[in-house]
Structures are given as C-alpha cells and as structure tokens.
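Pasted below: data-v1.txt, compact mmCIF, C-alpha atoms.
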# COMPACT_ATOMS: atom_id res chain seq x y z
CA MET A 1323 136.93 142.24 93.39
CA THR A 1324 135.35 141.40 90.06
CA ILE A 1325 133.43 138.30 89.21
CA SER A 1326 136.39 136.95 87.24
CA ASP A 1327 138.68 137.54 90.25
CA SER A 1328 136.45 135.45 92.54
CA ALA A 1329 136.22 132.64 90.00
CA SER A 1330 139.97 132.53 89.56
CA SER A 1331 140.53 132.44 93.34
CA LYS A 1332 139.39 128.82 93.44
CA PRO A 1333 142.35 126.44 93.38
CA LYS A 1334 142.99 124.77 90.05
CA ARG A 1335 142.04 121.10 89.93
CA PRO A 1336 144.23 118.53 88.19
CA THR A 1337 143.02 117.04 84.94
CA TRP A 1338 142.31 113.68 86.57
CA PHE A 1339 139.81 115.40 88.93
CA TRP A 1340 137.71 116.48 85.95
CA ILE A 1341 138.01 113.06 84.33
CA VAL A 1342 136.95 111.24 87.52
CA ALA A 1343 134.09 113.68 88.20
CA GLY A 1344 132.92 113.34 84.58
CA LEU A 1345 133.07 109.55 84.75
CA GLY A 1346 131.15 109.74 88.03
CA LEU A 1347 128.47 111.76 86.28
CA ALA A 1348 128.30 109.23 83.42
CA TRP A 1349 128.09 106.36 85.93
CA ASN A 1350 125.23 108.04 87.79
CA VAL A 1351 123.33 108.88 84.60
CA PHE A 1352 123.63 105.18 83.73
CA GLY A 1353 122.18 104.49 87.20
CA LEU A 1354 119.23 106.76 86.40
CA VAL A 1355 118.62 104.78 83.22
CA GLN A 1356 118.73 101.54 85.25
CA PHE A 1357 116.30 103.05 87.76
CA ALA A 1358 113.89 104.12 85.00
CA GLY A 1359 114.11 100.61 83.55
CA SER A 1360 113.29 99.09 86.91
CA LEU A 1361 110.09 101.15 87.05
CA THR A 1362 108.89 99.98 83.66
CA SER A 1363 110.01 96.35 83.83
CA THR A 1364 107.57 93.50 84.16
CA PRO A 1365 108.14 89.95 85.35
CA ASP A 1366 107.93 88.85 81.70
CA SER A 1367 110.51 91.41 80.54
CA LEU A 1368 112.85 90.40 83.37
CA MET A 1369 112.51 86.73 82.40
CA GLU A 1370 113.17 87.62 78.76
CA ALA A 1371 116.37 89.31 80.00
CA GLY A 1372 117.48 86.03 81.59
CA MET A 1373 116.00 85.95 85.09
CA THR A 1374 114.10 83.00 86.45
CA ALA A 1375 110.47 83.45 87.46
CA GLU A 1376 111.53 83.46 91.11
CA GLN A 1377 114.20 86.12 90.53
CA ALA A 1378 111.75 88.28 88.59
CA ALA A 1379 109.20 87.95 91.40
CA VAL A 1380 111.78 89.10 93.95
CA MET A 1381 112.81 92.06 91.78
CA LYS A 1382 109.21 93.16 91.23
CA GLY A 1383 108.35 92.54 94.90
CA TYR A 1384 110.59 95.32 96.24
CA PRO A 1385 108.99 97.28 99.05
CA ILE A 1386 108.43 100.94 98.16
CA TRP A 1387 111.18 102.10 100.53
CA MET A 1388 113.74 100.24 98.41
CA THR A 1389 112.48 101.92 95.25
CA ILE A 1390 112.73 105.28 96.99
CA ALA A 1391 116.27 104.48 98.19
CA PHE A 1392 117.27 103.54 94.61
CA ALA A 1393 115.78 106.80 93.31
CA ILE A 1394 117.52 108.94 95.93
CA GLY A 1395 120.83 107.16 95.40
CA THR A 1396 120.88 107.62 91.64
CA LEU A 1397 119.41 111.10 91.54
CA GLY A 1398 121.61 112.23 94.42
CA GLY A 1399 124.72 110.85 92.76
CA THR A 1400 123.87 112.59 89.49
CA ILE A 1401 123.17 115.93 91.16
CA GLY A 1402 126.22 115.52 93.39
CA CYS A 1403 128.46 115.01 90.36
CA CYS A 1404 127.03 118.09 88.66
CA LEU A 1405 127.71 120.08 91.81
CA LEU A 1406 131.19 118.57 92.07
CA LEU A 1407 131.96 119.65 88.51
CA LEU A 1408 130.76 123.13 89.45
CA ARG A 1409 132.97 122.93 92.57
CA SER A 1410 129.99 123.64 94.79
CA LYS A 1411 130.14 123.02 98.52
CA TYR A 1412 126.67 121.49 98.24
CA SER A 1413 128.11 118.41 96.55
CA ILE A 1414 129.14 117.07 99.95
CA PRO A 1415 125.69 116.84 101.61
CA VAL A 1416 124.16 115.58 98.36
CA PHE A 1417 126.79 112.84 98.11
CA TRP A 1418 126.13 111.93 101.76
CA ILE A 1419 122.40 111.56 101.02
CA SER A 1420 123.16 109.41 97.98
CA LEU A 1421 125.57 107.20 99.93
CA VAL A 1422 123.10 106.69 102.79
CA ALA A 1423 120.37 105.81 100.27
CA TYR A 1424 122.63 103.21 98.65
CA VAL A 1425 123.47 101.71 102.04
CA VAL A 1426 119.73 101.47 102.74
CA LEU A 1427 119.28 99.76 99.36
CA TYR A 1428 122.14 97.37 100.21
CA VAL A 1429 120.46 96.45 103.50
CA GLY A 1430 117.19 95.99 101.62
CA ASP A 1431 118.79 93.71 99.05
CA TYR A 1432 120.04 91.60 101.94
CA THR A 1433 116.89 91.57 104.07
CA GLU A 1434 114.39 91.30 101.20
CA GLY A 1435 116.10 88.33 99.55
CA VAL A 1436 117.51 90.04 96.47
CA PHE A 1437 121.07 88.94 97.22
CA ALA A 1438 119.85 85.40 97.91
CA ALA A 1439 117.84 85.29 94.67
CA LEU A 1440 120.39 86.88 92.34
CA GLY A 1441 123.57 85.66 94.02
CA PRO A 1442 127.12 87.02 94.03
CA PRO A 1443 126.80 89.20 90.89
CA GLN A 1444 124.17 91.37 92.63
CA VAL A 1445 126.29 91.60 95.78
CA ILE A 1446 129.31 92.63 93.72
CA ILE A 1447 127.39 95.20 91.67
CA LEU A 1448 125.80 96.87 94.67
CA THR A 1449 129.09 96.80 96.59
CA ILE A 1450 130.72 98.64 93.67
CA VAL A 1451 127.85 101.15 93.62
CA VAL A 1452 128.30 101.89 97.33
CA ALA A 1453 132.09 102.13 96.91
CA ILE A 1454 131.77 104.59 94.02
CA ALA A 1455 129.30 106.71 96.00
CA GLY A 1456 131.77 106.79 98.88
CA ALA A 1457 134.68 107.60 96.55
CA LEU A 1458 132.82 110.54 95.02
CA LEU A 1459 132.06 111.85 98.49
CA ALA A 1460 135.73 111.44 99.43
CA LEU A 1461 136.78 113.23 96.23
CA SER A 1462 134.69 116.26 97.12
CA HIS A 1463 136.22 116.27 100.63
CA PHE A 1464 139.76 115.65 99.38
CA PHE A 1465 139.70 118.69 97.14
CA GLY A 1466 138.26 120.84 99.90
CA ILE A 1467 135.17 121.70 97.90
CA ALA A 1468 133.44 122.85 101.09
CA GLU A 1469 136.19 125.32 101.99
CA SER A 1470 137.16 126.55 98.52
CA ALA A 1471 133.62 127.08 97.22
CA GLN A 1472 132.37 129.41 99.93

Show the structure stored in the file as structure tokens.
Amino acid sequence: MTISDSASSKPKRPTWFWIVAGLGLAWNVFGLVQFAGSLTSTPDSLMEAGMTAEQAAVMKGYPIWMTIAFAIGTLGGTIGCCLLLLRSKYSIPVFWISLVAYVVLYVGDYTEGVFAALGPPQVIILTIVVAIAGALLALSHFFGIAESAQ
C-alpha cells in the first residue's frame, strides 16, 4: 500500500463538512482574539467600550481559573478544528477538553456574577459558545473521525 492509497482510503466528506469545519476554525480564531483582548483590557478600556464601572470591575475581577478555562476553551477549539480539517482522530479528545473548559467558564460566569452584571446578552453569547463547541464535537463523532483516521 502506498501513501496515496492510504490517504484515499478515508471516506470522502461532503462539501458542507469542510464549510462547517472551516467556519468552526474561523469562529475559534475569533475566540482567540477575544481572549487576547481580555488579557490586555483595562477597566478604562472596557468602560470606553460601553460597560459600566461595575461591569468592568466584574470582568477584570475574574478568578484565574476562569481565565484558564477561557484559554483552554478557545485554544482547544482552534486546535480541534485544525485536527478536524485534517480528519485526525485526536480532534475528539481536544474538542472534549474545549467543551469542558467552556462549561467551567459558564459555571464561573454564573457563580462569579458575570451573568448578573452583564445580563441576558452574556448568557446568550456563552450559551452559543458552548453549543458550537458541542456541535463541533458531534461533527467529529458523526463523521467517524476516530474510526476512519486510524
């Protein structure tokens, strides 16, 4: 068996798979940009962006474990999408790690007062983030990445 034979033995994916995986990658890169911005923001810059002083204080008062969860979620989602596009079986555990990190962040937003301070828009945004992380994990399972990539 040649290298080209083994590569062609993987089942062909429909066009929409590549589109969804590519959009997932773009979404997660955007998340990395948001994460980087959260590291460099100040209460003043958050207030200039439209937050109240109280909201900015809550956002800058995150415990370190929430920052770590945000980092793992975004980085894991980005790496998971790259692995998904490569049809690697390793996309599945990476997506699981990302999803768990986002659930931890969701719990943190609830327990640390972020949802209370920022209201429904923050709840909606983070709910969408968790749903997309779960959908990307499901996509990698649905296409049998684990079985076909071995």

**Request:** May I have the residues within 10 Å of Gly1456 in chain A as JSON, numbers by chain, using all atoms listed in the file and disregarding those fewer than 4 positions away in the same chain?
**Result:** {"A": [1417, 1418, 1420, 1421, 1422, 1424, 1450, 1451, 1452, 1460, 1461]}

**Asked** Counting only C-alpha atoms, which of A:Thr1433, A:Gln1356, A:Ser1413, A:Thr1374 gets nearest to Phe1465 in chain A?
**Response**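 That would be A:Ser1413, the residue with the smallest distance to Phe1465 in chain A.
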
**Request:** Could you check which of A:Leu1397, A:Val1380, A:Val1342, A:Met1373 is closest to Ala1358 in chain A, using all atoms listed in the file?
**Result:** A:Leu1397

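Distances here use all atoms listed in the file; by that measure, the residue among A:Val1355, A:Ala1375, A:Ile1454, A:Ile1401 closest to Ile1414 in chain A is A:Ile1401.
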
**Message:** If I take CA of Ala1393 in chain A and CA of Trp1338 in chain A, how far is one from the other in Å, to one decimal?
**Reply:**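 Atom-to-atom, CA of Ala1393 in chain A and CA of Trp1338 in chain A are spaced 28.2 Å apart.
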
**Asked** In Å to one decimal, how far is CA of Met1381 in chain A from CA of Pro1443 in chain A?
**Response**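 A separation of 14.3 Å between them.
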
**Item:** Residue neighbourhood Tyr1412 in chain A, 8 Å, all atoms listed in the file, exclusion window fewer than 3 positions, as a list in words
**Value:** Gly1402, Leu1405, Pro1415, Val1416 and Ala1468 of chain A

**Asked** Which one is closest to Leu1345 in chain A: A:Gln1377, A:Thr1362, A:Thr1400, A:Ser1367? Count all atoms listed in the file.
**Response**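 Once distances to Leu1345 in chain A are computed over all atoms listed in the file, the minimum belongs to A:Thr1400.
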
**Request:** Please identify all polymer residues within 10 Å of Arg1335 in chain A, counting only C-alpha atoms, omitting same-chain residues fewer than 4 positions from it, and present them as a list in words.
**Result:**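 My reading of the contact set: Phe1339, Trp1340, Arg1409 and Phe1465 of chain A.
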
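Picture a line from CA of Gly1430 in chain A to CA of Ala1348 in chain A; it runs 25.1 Å.
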
**Asked** Given the choices A:Ile1394, A:Leu1459, A:Lys1411, A:Met1388, which gets closest to Val1429 in chain A if the distance is worked out from all atoms listed in the file?
**Response**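 Nearest candidate to Val1429 in chain A out of A:Ile1394, A:Leu1459, A:Lys1411, A:Met1388: A:Met1388.
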
**Message:** From the options A:Glu1376, A:Ala1457, A:Lys1382, A:Pro1336, which residue's atoms come nearest to Ala1438 in chain A, counting all atoms listed in the file?
**Reply:** A:Glu1376

**Asked** Got a sec: who's within 6 Å of Gly1395 in chain A, counting all atoms listed in the file, leaving out chain neighbours fewer than 3 positions off, as a PyMOL selection string?
**Response** chain A and resi 1391-1392+1398-1399+1420+1423-1424
